[in-house]
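Contents: one structure, followed by commentary.
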Amino acid sequence: MSDVLAPGSPVVAIELRDIVKRFPGVVANDGVDLTVRQGTIHAIVGENGAGKSTLMKTLYGAHRPDEGTIRVDGAEQHFRSPKDAIAVGIGMVFQHFMLADNLTVWENIVLGHEPGGRLRLSPTSARARIAELGERYGLNVDPDALIGELGVGDKQRVEILKVLYRGARTLILDEPTAVLVPHEVAELFASLRELTAGGATVIFISHKLDEVLHYADAITVIRAGRTVAEVADPSQVSASRLAELMVGSELPRPETPLRLIDSEVRLDVRDLVVVSPDSGRRTLDGVSLRVHAGEIVGIAGVEGNGQTELIEAIMGLRVAEGIVRLGDVDISRLATLDRRARGLGYIPEDRQRDGLVLTMPLWENAMLGHQGAEPFTAGRWIDRVAAHTRTAEIIDEFDVRTTGSDVPAYTLSGGNQQKLIVGREMTAAPTVLVAANPTRGVDVGAQAVIWDILRTASERGLATLLVSADLEELIGLSDRLLVMLRGRIVAELDPRAVTPAELGSTMTGANA
Amino acid sequence: MIARLRRAAIAPAAAAVIALAVSSIALLISGNSPVNAFVEMWKTIDSSESTVLIINRAVPYYVAGVAVAIGFRMNLFNIGANGQYILAALLAGAAGAAVSLPAPLHVAFVLVIAMAVGAAWAAIAGILKVARGVNEVISTIMLNYIATGLTAFLVGEYLRNEAVELVAETPKLPASAQLPSLNPLLELVGIDVGGKAQLFGFLPFAIALGIAYHLVLNRSRFGYELRVSGANPEAARTAGINPRRMVLKAIILSGAVAGLVGMSSLLADPQFHKYGDQFPKTFGFTGISLALLGRNHPAGVAVAAVVWATIERATQRLSPLGIPQEIGVIMQGSFLLAAVVVFEVVQRRSAAVTARAVALQAESRTAAAPSDQEATP
C-alpha cells in the first residue's frame, strides 16, 4: 500500500458478515456485522456481555466462528489460530498485559519472533526497528528498560509495539483506556491517530461513550450478540442516543404493578469504604443504602465502579470500614460464614470461580457456603444422607437438569449450574439476598426460571440487593435503582420512569 | 460400584503392564533374561515370610504416603515429611527412653511426642507460607537439610547413649514402650511364619490412621473445607473458609502424621527401639511417590505402599544371580509415571462419558417441557 489514505477512505480493511458464535448454553454472537474502513479508528460499543470480546476473538483467530465470513482486504479468511490472523496483519492488544516483568522492553517485543539464528540472538536490528516504530508513531519507550519498572501507559505502548513489530496493519484494542488516566488516554489516541495516518487500521472496544464520540471515526453498536447500529459519522450522534442503542430503546415494562414495600429495613449499609491495597485508592467511597423487606434494590453501573467491592464488603469477603446491619444486628465484624448463618444469602458474580467447585459432586456443592449449617453437618461431621436429600430437593424444586446428585458440577450446563447455586441459597431461607449477575451467561429458559424465583421470593418478603450488568434485568426486576460510578452511588432512579438514555448517561457519567 | 472399582483398577493394571515392559527392556539391554529375573523375583516374594517383611516395610511407607497426601489435598506440597519424621523419631525416642511409664501410656507418650515434633517442624513452613508467602516446597526442602544436620548434631552431642562407645544413638526404649510382634495373632488365624520374620506391632496403628484419614477427609466438615480449599481457593474464600488458617491447619496435620513415619521402626522393630545410624531416614521421600500413585486415596495409598514394598522385596535377591538389583527402582519409577499418565487418560474419558449422560438428561427434560418462550424480567 503505497499511497496514504485519509480517514474516511472507502477501502474496506475488515469485513465481518453474519458472525455466529455459540458457547454451551449461550449464543455470544448471533449474526454480527462489522465493516471497518482502512485508515480509520473504529469503535465497538456495547454493554457487558453484548458479545464484543467474543467478536474480537473471532477476528484475531482465538476461536473459529460457527457461522459467518471474515474478509480481510477483500479476501475471505479462515483463521485457525492467532498466527493466521497476524499473518494477514491483524494483531490484538489485550486489556490485561501479557508481558514478562523480568525481561526488558525489546526482549518482550521480540519474544516469539527472535531475530538471528536458533542459538544466537541479535539485538541490534530489533532495537533499531523498535526505535524506528516508536519514533514514527510517538510510542516512545526505552528499549532497555525492564517491564517490571514501567508504568501502565508505557506497558500499553510496549503491547502496541509488540503487535506492530509483528507486522500488524490492523490493531484491535480491548478496552485500552480502562487502565489509563486522562492524559494517557489523550496520548494513546494521538499515537493511534499517527498509526491510521500511516495507513493502519485501529479497532477499539469501549463502553466509555464520551471517548468513543471524541476519538472514533466510526462506531458499531452491538447488543445481545447482534449489530444494532453502524454509525459512519459520530458527530451526528449524541451520547444519550448511543446509550439508548446500547441498552435497547424498547425497554421491557415491569410486569408486576407497583407494590407497597414493607417499612422493615432488612439490610442497612452505612458509609462503606474499601481502600484498594494495591493503589491506596478508594474503590468504594462511602456507600450507604437500605433494602427493605420485600424489596429488590438494583445496582446499575459500568463494571469496575465499585460494585464488586460493595458486594464483597457486605459479605465480609473484603476488609471495609463502615457499618453493615442485617435486621437489627450489626454484622460488620462477623466472618462470612456467620453472616450467612444469620440469613445473608449470596449468589456470586462468577459461578465457576466463586460459586462452585467444579470437580466436586452436586451434593457437596449444595453445601458450599453452608457447610456449618443444618442439614449438611451435625457438629463436626457431614450428614451425607441429609445432604443428599437436600440436594435432591434443590434439583427437583429448581429444575436442575442432571442425572443425580453424585455427578460432578462440571457436567452441568451454565444455566443448570446457576440454578443449583440459586436453589442452594434460596433453600437456606435467607432474609437478605445479595445477587450478583444472577443470570449472566445462562440460556433464556434458565434466565426466566431464575427471574421467577427472585420475584416470587421478594413477594414473600425477601430483601434483595441485585447487582447486574444486564440493564433489562435491573429495570425489569428492581423496585429502586441505584447507580454506581467511581465507587459512589451517584443517582437513585425509579425503574418505572427511567429512560434508557437517562440510565446510560448516568452510568457513564455523561451528564455529570 | 462395580463399574467404579473396575475404572479404579484399569490405571494400575495398565501401569503394571507398562512397568513390566520397561523393566524387561532394561533387563534385555543389560544382557539378562527378563523371564529369568521375573521368575526369581516371584520366588523371592512367594513365601509367608516375605509377606510379613513386605507388610513391615509397607507400614511406614503408608504412613508417609498419608502424611504427604493430606498436604496434596490442599494443594500443599509437603516435601518435608522426611525432615519432620527423623526429627520426630529422634526426639520421641530420646524422650521415651528417659521416662518410665506403664506400657500403654508409654507407647502413647512416645506417639504424642512424635506427632508434636512433626507438627511443630511442619508448622515452621506453614507459618512462613502464611505470614511471608514463602513457597512450602522451598521451605520444606530447606527444613529437611536442617533436620538432617540437627538430628546428627543432637544425637551426637546431647541425646547420645553414653553406654555405647563407637556409634551415636539414643538409649534403647524400655520394654514398656515396645510394641509386641503380631506373630501370635497370625498363628491364631493359622498362618505360620516359622519364626523367620516378625510382623511388627505397629500395623494396627497404620490401619487406624488410614480409617481416621478417610473419616476426617471425607466425612468431616474440616476435611470438606480442606478439599474445597485445595480444589478451588476462590470458591473456598466465598464460602467463608479462611485460606490462611486452612493452609496452616493442613500443613500441621500433615506434619503430625509425618511424625509417625518412624514409629514402626522405633516402637515395633526389635532391631531398633532406638534412633541411630541404621535408623531408616528416607521414608518421607518415598511417601511423595506413594501419595501420587495412590491418588491421595486412603486405600489407594495403601495399595501403592504394598506394591512399592513388594518390588523392593522381590529384587533383594537378584544381585547374587548377576542381575542388577536396580531393576527394582526402574520398575517403581516406570510404574509411577505410567500410573499417573494412564489415570489422567481414564479420568478424562470417564468425565466425558458422565458429561454426555447429564447433557442427554437435560435435553430429554427440555423436550418434555419446552422452555423456549421469551422471558421477561
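Labels for the C-alpha cells follow display order: chains A, B, ..., residues from 1 in each chain, ligands from 1.
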Near segment 201-215 of chain A, 12 Å: segment 391-508 of chain A residue rows, closest pairs, only C-alpha atoms, as CSV:
```
residue,atom,partner,partner_atom,distance
A:Ala501,CA,A:Leu209,CA,11.9
A:Gly504,CA,A:Leu209,CA,9.3
A:Ser505,CA,A:Leu209,CA,8.6
A:Thr506,CA,A:Leu209,CA,11.4
A:Met507,CA,A:Lys208,CA,9.6
A:Thr508,CA,A:Lys208,CA,6.4
```
So that I have them on file, write out the residues from the current selection with C-alpha atoms, as an mmCIF file, in the first residue's frame.
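And here is the file that came out, selection.cif:
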```
data_model
loop_
_atom_site.group_PDB
_atom_site.id
_atom_site.type_symbol
_atom_site.label_atom_id
_atom_site.label_comp_id
_atom_site.auth_asym_id
_atom_site.auth_seq_id
_atom_site.Cartn_x
_atom_site.Cartn_y
_atom_site.Cartn_z
ATOM 1 C CA ALA A 501 -30.876 7.295 27.681
ATOM 2 C CA GLY A 504 -26.957 5.066 30.137
ATOM 3 C CA SER A 505 -25.731 8.603 30.616
ATOM 4 C CA THR A 506 -25.932 8.348 34.402
ATOM 5 C CA MET A 507 -23.900 5.144 34.329
ATOM 6 C CA THR A 508 -21.201 6.584 32.109
#
```
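Residues within 12 Å of Ala299 of chain B, counting only C-alpha atoms and excluding same-chain residues fewer than 3 positions away, are B:Leu5, B:Ala8, B:Tyr62, B:Val63, B:Gly65, B:Val66, B:Ala69, B:Ala206, B:Ile207, B:Leu209, B:Gly210, B:Ile211, B:Ala212, B:Tyr213, B:His214, B:Leu290, B:Ala291, B:Leu293, B:Gly294, B:Arg295, B:Asn296, B:Ala302, B:Val303, B:Ala304, B:Ala305, B:Val306.
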Let's have the selection written as a tab-separated table (two decimals), in the first residue's frame, with C-alpha atoms.
```
chain	number	residue	atom	x	y	z
B	5	LEU	CA	-13.96	-50.34	41.01
B	8	ALA	CA	-10.12	-47.66	39.51
B	62	TYR	CA	1.84	-45.94	54.09
B	63	VAL	CA	2.12	-43.51	56.98
B	65	GLY	CA	2.12	-41.52	51.93
B	66	VAL	CA	-0.83	-40.40	54.03
B	69	ALA	CA	-1.47	-36.89	50.76
B	206	ALA	CA	-1.37	-47.67	60.47
B	207	ILE	CA	-4.78	-49.20	59.75
B	209	LEU	CA	-4.57	-43.96	60.72
B	210	GLY	CA	-5.99	-44.89	57.32
B	211	ILE	CA	-9.52	-45.06	58.69
B	212	ALA	CA	-9.10	-41.78	60.54
B	213	TYR	CA	-7.72	-40.15	57.38
B	214	HIS	CA	-10.72	-41.32	55.40
B	290	LEU	CA	3.07	-43.14	47.15
B	291	ALA	CA	0.67	-40.25	47.65
B	293	LEU	CA	0.50	-43.22	42.98
B	294	GLY	CA	-2.38	-43.75	45.41
B	295	ARG	CA	-4.19	-40.59	44.23
B	296	ASN	CA	-4.26	-39.40	47.87
B	302	ALA	CA	-2.16	-48.49	50.96
B	303	VAL	CA	-2.07	-50.43	47.70
B	304	ALA	CA	0.76	-48.23	46.46
B	305	ALA	CA	2.74	-48.84	49.66
B	306	VAL	CA	2.35	-52.60	49.32
```
Rows by chain and residue number, chain A within 7 Å of chain B, shortest pair, only C-alpha atoms, as CSV:
```
residue,atom,partner,partner_atom,distance
A:Leu317,CA,B:Thr238,CA,6.8
A:Thr336,CA,B:Gly240,CA,4.8
A:Leu337,CA,B:Gly240,CA,4.8
A:Arg353,CA,B:Ala235,CA,6.1
A:Asp354,CA,B:Ala235,CA,4.0
A:Gly355,CA,B:Ala235,CA,5.5
A:Leu356,CA,B:Ala235,CA,6.1
A:Val357,CA,B:Asn232,CA,5.9
A:Leu368,CA,B:Ala239,CA,5.9
A:Gly369,CA,B:Ala239,CA,3.8
A:Gln371,CA,B:Arg221,CA,6.7
A:Arg380,CA,B:Arg221,CA,5.5
A:Trp381,CA,B:Ser220,CA,4.2
A:Ile382,CA,B:Ser220,CA,5.3
A:Arg401,CA,B:Ala362,CA,4.8
A:Thr402,CA,B:Val358,CA,5.1
A:Thr403,CA,B:Val358,CA,5.4
A:Thr411,CA,B:Ala355,CA,4.4
A:Leu412,CA,B:Val358,CA,6.8
A:Val444,CA,B:Ala375,CA,6.5
A:Gly445,CA,B:Ser371,CA,5.2
A:Ala448,CA,B:Ala375,CA,5.1
A:Trp451,CA,B:Pro377,CA,5.9
A:Glu473,CA,B:Pro377,CA,5.5
A:Gly476,CA,B:Pro377,CA,4.8
A:Leu477,CA,B:Pro377,CA,5.8
```
Saved selection, atoms kept: C-alpha atoms, as a PDB file, in the first residue's frame:
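Contents of the output file out_39.pdb:
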```
ATOM      1  CA  LEU A 317     -15.004 -11.071  51.943  1.00  0.00           C
ATOM      2  CA  THR A 336     -18.509 -14.519  56.156  1.00  0.00           C
ATOM      3  CA  LEU A 337     -19.863 -17.810  57.374  1.00  0.00           C
ATOM      4  CA  ARG A 353     -14.763 -19.215  40.056  1.00  0.00           C
ATOM      5  CA  ASP A 354     -16.600 -18.300  43.253  1.00  0.00           C
ATOM      6  CA  GLY A 355     -19.755 -20.321  43.460  1.00  0.00           C
ATOM      7  CA  LEU A 356     -18.867 -23.919  42.733  1.00  0.00           C
ATOM      8  CA  VAL A 357     -16.131 -26.488  43.000  1.00  0.00           C
ATOM      9  CA  LEU A 368     -20.767 -24.846  49.848  1.00  0.00           C
ATOM     10  CA  GLY A 369     -21.064 -21.736  51.988  1.00  0.00           C
ATOM     11  CA  GLN A 371     -21.070 -26.230  55.424  1.00  0.00           C
ATOM     12  CA  ARG A 380     -18.035 -31.631  63.070  1.00  0.00           C
ATOM     13  CA  TRP A 381     -19.391 -34.330  60.818  1.00  0.00           C
ATOM     14  CA  ILE A 382     -21.103 -34.236  57.481  1.00  0.00           C
ATOM     15  CA  ARG A 401     -31.154 -30.877  34.939  1.00  0.00           C
ATOM     16  CA  THR A 402     -28.833 -33.674  35.928  1.00  0.00           C
ATOM     17  CA  THR A 403     -28.706 -37.426  36.275  1.00  0.00           C
ATOM     18  CA  THR A 411     -21.107 -31.844  33.853  1.00  0.00           C
ATOM     19  CA  LEU A 412     -23.922 -29.294  34.196  1.00  0.00           C
ATOM     20  CA  VAL A 444     -33.193 -17.946  28.128  1.00  0.00           C
ATOM     21  CA  GLY A 445     -35.006 -20.801  29.806  1.00  0.00           C
ATOM     22  CA  ALA A 448     -36.729 -16.998  33.097  1.00  0.00           C
ATOM     23  CA  TRP A 451     -36.098 -14.267  37.417  1.00  0.00           C
ATOM     24  CA  GLU A 473     -32.827  -7.372  34.202  1.00  0.00           C
ATOM     25  CA  GLY A 476     -37.460  -5.308  34.999  1.00  0.00           C
ATOM     26  CA  LEU A 477     -36.852  -6.662  38.474  1.00  0.00           C
TER      27      LEU A 477
END
```
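In this structure, atom CA of Leu111 of chain A sits 10.9 Å away from atom CA of Ala126 of chain A.
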| query | What is the atom CA of Arg496 of chain A to atom CA of Val297 of chain A distance in Å? | reply |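 One can read the atom CA of Arg496 of chain A to atom CA of Val297 of chain A distance as 13.0 Å.
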Distance query Val274 of chain A at most 10 Å, only C-alpha atoms, self and fewer than 2 positions along chain excluded, as number ranges by chain: A: 271-272, 276-277, 280-287, 306, 309-310, 312-313, 318-322, 487
Please report as JSON lines every residue of segment 248-342 of chain B lying within 12 Å of segment 99-108 of chain B, along with the nearest atom pair and their distance in Å (one decimal), using only C-alpha atoms.
```
{"residue": "B:Leu260", "atom": "CA", "partner": "B:Ala108", "partner_atom": "CA", "distance": 11.6}
{"residue": "B:Met263", "atom": "CA", "partner": "B:Val107", "partner_atom": "CA", "distance": 9.8}
{"residue": "B:Ser264", "atom": "CA", "partner": "B:Val107", "partner_atom": "CA", "distance": 11.3}
{"residue": "B:Leu266", "atom": "CA", "partner": "B:Val107", "partner_atom": "CA", "distance": 10.4}
{"residue": "B:Leu267", "atom": "CA", "partner": "B:Val107", "partner_atom": "CA", "distance": 7.6}
{"residue": "B:Ala268", "atom": "CA", "partner": "B:Val107", "partner_atom": "CA", "distance": 10.3}
{"residue": "B:His273", "atom": "CA", "partner": "B:Val107", "partner_atom": "CA", "distance": 11.6}
```
Leu103 of chain A surroundings by only C-alpha atoms, 9 Å radius, close-in-sequence under 3 positions cut, as a list of chain:residue names =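 Neighbouring residues, sequence-local ones excluded: A:Leu99, A:Ala100, A:Trp106, A:Glu107, A:Asn108, A:Ala145, A:Leu146, A:Ile147, A:Gly148.
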Please dump the current selection as a short mmCIF file (atom, residue, chain, number, x, y, z; two decimals), in the first residue's frame; keep C-alpha atoms.
```cif
data_model
loop_
_atom_site.label_atom_id
_atom_site.label_comp_id
_atom_site.auth_asym_id
_atom_site.auth_seq_id
_atom_site.Cartn_x
_atom_site.Cartn_y
_atom_site.Cartn_z
CA LEU A 99 4.36 -9.12 29.28
CA ALA A 100 7.20 -10.74 31.18
CA TRP A 106 12.90 -5.09 23.43
CA GLU A 107 13.12 -8.67 24.72
CA ASN A 108 9.38 -8.65 25.32
CA ALA A 145 14.04 -0.69 30.43
CA LEU A 146 12.72 -3.59 32.48
CA ILE A 147 8.98 -4.14 32.02
CA GLY A 148 8.50 -4.51 35.76
#
```
Between B:Ser50, B:Asn36, B:Thr44, B:Ser23, smallest distance to Ala197 of chain B by only C-alpha atoms belongs to B:Ser50
### Query
So which residues of segment 124-354 of chain A fall under strand (DSSP E) by DSSP, listed as a PyMOL selection string?
chain A and resi 170-174+201-206+218-223+226-231+265-275+282-292+296-300+321-326+329-330+344-347
Need to verify the contact set: Val407 of chain A, 7 Å, only C-alpha atoms, exclusion of same-chain residues closer than 3 positions in sequence. Can you return it as a PyMOL selection string?
chain A and resi 361-362+404
- Long-range neighbours of Thr389 of chain A as a PyMOL selection string, 9 Å cut-off, only C-alpha atoms, 5 positions minimum in chain: chain A and resi 363+384+394
Next, dump the selected residues to file, keeping only C-alpha atoms, as a JSON list (two decimals), in the first residue's frame.
```json
[["chain", "number", "residue", "atom", "x", "y", "z"],
["A", 363, "TRP", "CA", -24.32, -32.66, 46.82],
["A", 384, "ARG", "CA", -24.32, -37.41, 53.97],
["A", 394, "ILE", "CA", -32.93, -28.43, 45.24]]
```
Determine which residues of segment 117-203 of chain B receive a DSSP assignment of helix (DSSP H, G or I), computed from the backbone, and state them as a CSV table (one decimal) with N, CA and C atoms, in the first residue's frame.
```csv
chain,number,residue,atom,x,y,z
B,117,VAL,N,6.3,-33.2,67.5
B,117,VAL,CA,7.6,-32.7,66.9
B,117,VAL,C,7.4,-32.5,65.4
B,118,GLY,N,6.7,-33.5,64.8
B,118,GLY,CA,6.5,-33.5,63.4
B,118,GLY,C,5.6,-32.3,63.0
B,119,ALA,N,4.6,-32.0,63.8
B,119,ALA,CA,3.7,-30.9,63.6
B,119,ALA,C,4.4,-29.6,63.7
B,120,ALA,N,5.3,-29.5,64.8
B,120,ALA,CA,6.0,-28.3,65.0
B,120,ALA,C,7.0,-27.9,63.9
B,121,TRP,N,7.6,-29.0,63.4
B,121,TRP,CA,8.6,-28.7,62.4
B,121,TRP,C,7.9,-28.3,61.1
B,122,ALA,N,6.8,-29.0,60.8
B,122,ALA,CA,6.0,-28.6,59.6
B,122,ALA,C,5.4,-27.2,59.8
B,123,ALA,N,5.1,-26.8,61.0
B,123,ALA,CA,4.4,-25.5,61.3
B,123,ALA,C,5.4,-24.4,60.9
B,124,ILE,N,6.7,-24.6,60.9
B,124,ILE,CA,7.6,-23.6,60.5
B,124,ILE,C,7.3,-23.2,59.1
B,125,ALA,N,7.2,-24.2,58.2
B,125,ALA,CA,7.0,-24.0,56.8
B,125,ALA,C,5.6,-23.3,56.6
B,126,GLY,N,4.6,-23.8,57.5
B,126,GLY,CA,3.3,-23.2,57.4
B,126,GLY,C,3.2,-21.8,57.7
B,127,ILE,N,3.9,-21.4,58.8
B,127,ILE,CA,3.9,-20.0,59.2
B,127,ILE,C,4.6,-19.1,58.2
B,128,LEU,N,5.7,-19.7,57.7
B,128,LEU,CA,6.5,-18.9,56.7
B,128,LEU,C,5.6,-18.7,55.4
B,129,LYS,N,4.8,-19.7,55.1
B,129,LYS,CA,3.9,-19.5,53.9
B,129,LYS,C,2.8,-18.5,54.2
B,130,VAL,N,2.2,-18.6,55.3
B,130,VAL,CA,1.0,-17.8,55.6
B,130,VAL,C,1.5,-16.3,55.9
B,131,ALA,N,2.6,-16.2,56.7
B,131,ALA,CA,2.9,-14.8,57.1
B,131,ALA,C,3.8,-14.1,56.0
B,132,ARG,N,4.6,-14.9,55.3
B,132,ARG,CA,5.6,-14.3,54.4
B,132,ARG,C,5.5,-14.7,53.0
B,136,GLU,N,6.0,-23.4,50.1
B,136,GLU,CA,6.3,-24.5,51.0
B,136,GLU,C,7.3,-25.6,50.5
B,137,VAL,N,7.3,-25.6,49.1
B,137,VAL,CA,8.3,-26.6,48.6
B,137,VAL,C,9.7,-26.2,48.9
B,138,ILE,N,10.0,-25.0,48.7
B,138,ILE,CA,11.3,-24.5,49.1
B,138,ILE,C,11.6,-24.6,50.6
B,139,SER,N,10.7,-24.2,51.4
B,139,SER,CA,11.0,-24.1,52.8
B,139,SER,C,11.1,-25.6,53.4
B,140,THR,N,10.2,-26.5,52.9
B,140,THR,CA,10.3,-27.8,53.5
B,140,THR,C,11.6,-28.5,53.0
B,141,ILE,N,12.0,-28.3,51.8
B,141,ILE,CA,13.3,-28.9,51.3
B,141,ILE,C,14.4,-28.4,52.2
B,142,MET,N,14.4,-27.1,52.5
B,142,MET,CA,15.4,-26.5,53.3
B,142,MET,C,15.4,-27.1,54.7
B,143,LEU,N,14.1,-27.2,55.2
B,143,LEU,CA,14.0,-27.7,56.6
B,143,LEU,C,14.4,-29.2,56.7
B,144,ASN,N,14.3,-29.9,55.5
B,144,ASN,CA,14.9,-31.3,55.5
B,144,ASN,C,16.4,-31.3,55.8
B,145,TYR,N,17.1,-30.4,55.1
B,145,TYR,CA,18.5,-30.3,55.3
B,145,TYR,C,18.8,-29.9,56.8
B,146,ILE,N,18.1,-29.0,57.3
B,146,ILE,CA,18.3,-28.5,58.6
B,146,ILE,C,18.0,-29.7,59.6
B,147,ALA,N,16.9,-30.4,59.4
B,147,ALA,CA,16.6,-31.5,60.2
B,147,ALA,C,17.7,-32.6,60.2
B,148,THR,N,18.2,-32.9,59.0
B,148,THR,CA,19.3,-33.9,58.9
B,148,THR,C,20.5,-33.5,59.8
B,149,GLY,N,20.9,-32.2,59.6
B,149,GLY,CA,22.0,-31.7,60.4
B,149,GLY,C,21.7,-31.7,61.9
B,150,LEU,N,20.5,-31.2,62.2
B,150,LEU,CA,20.1,-31.1,63.6
B,150,LEU,C,20.1,-32.4,64.3
B,151,THR,N,19.5,-33.4,63.6
B,151,THR,CA,19.4,-34.7,64.3
B,151,THR,C,20.8,-35.3,64.5
B,152,ALA,N,21.7,-35.2,63.5
B,152,ALA,CA,23.0,-35.7,63.7
B,152,ALA,C,23.7,-35.0,64.8
B,153,PHE,N,23.5,-33.7,64.9
B,153,PHE,CA,24.2,-32.9,66.0
B,153,PHE,C,23.6,-33.3,67.4
B,154,LEU,N,22.3,-33.4,67.5
B,154,LEU,CA,21.6,-33.7,68.7
B,154,LEU,C,22.0,-35.1,69.2
B,155,VAL,N,22.0,-36.1,68.3
B,155,VAL,CA,22.2,-37.4,68.7
B,155,VAL,C,23.7,-37.6,69.1
B,156,GLY,N,24.5,-36.8,68.5
B,156,GLY,CA,26.0,-36.9,68.8
B,156,GLY,C,26.3,-36.2,70.1
B,157,GLU,N,25.6,-35.1,70.4
B,157,GLU,CA,26.1,-34.3,71.5
B,157,GLU,C,25.2,-34.4,72.8
B,175,ALA,N,11.1,-51.9,77.8
B,175,ALA,CA,10.2,-52.8,77.3
B,175,ALA,C,8.7,-52.3,77.3
B,176,SER,N,8.4,-51.4,78.2
B,176,SER,CA,7.1,-50.9,78.3
B,176,SER,C,6.7,-50.0,77.1
B,177,ALA,N,7.7,-49.5,76.3
B,177,ALA,CA,7.4,-48.7,75.1
B,177,ALA,C,7.6,-49.5,73.9
B,183,ASN,N,3.0,-61.9,65.5
B,183,ASN,CA,3.0,-63.3,65.1
B,183,ASN,C,2.0,-64.2,65.8
B,184,PRO,N,1.9,-64.1,67.1
B,184,PRO,CA,0.9,-64.9,67.8
B,184,PRO,C,-0.5,-64.8,67.2
B,185,LEU,N,-0.8,-63.6,66.8
B,185,LEU,CA,-2.1,-63.3,66.1
B,185,LEU,C,-2.2,-64.1,64.8
B,186,LEU,N,-1.1,-64.1,64.0
B,186,LEU,CA,-1.1,-64.8,62.8
B,186,LEU,C,-1.3,-66.2,63.0
B,187,GLU,N,-0.6,-66.8,64.0
B,187,GLU,CA,-0.7,-68.2,64.3
B,187,GLU,C,-2.2,-68.6,64.6
B,188,LEU,N,-2.8,-67.6,65.3
B,188,LEU,CA,-4.2,-67.8,65.7
B,188,LEU,C,-5.1,-68.1,64.5
B,203,LEU,N,1.3,-52.2,62.8
B,203,LEU,CA,0.3,-52.4,61.8
B,203,LEU,C,-1.0,-51.9,62.1
```
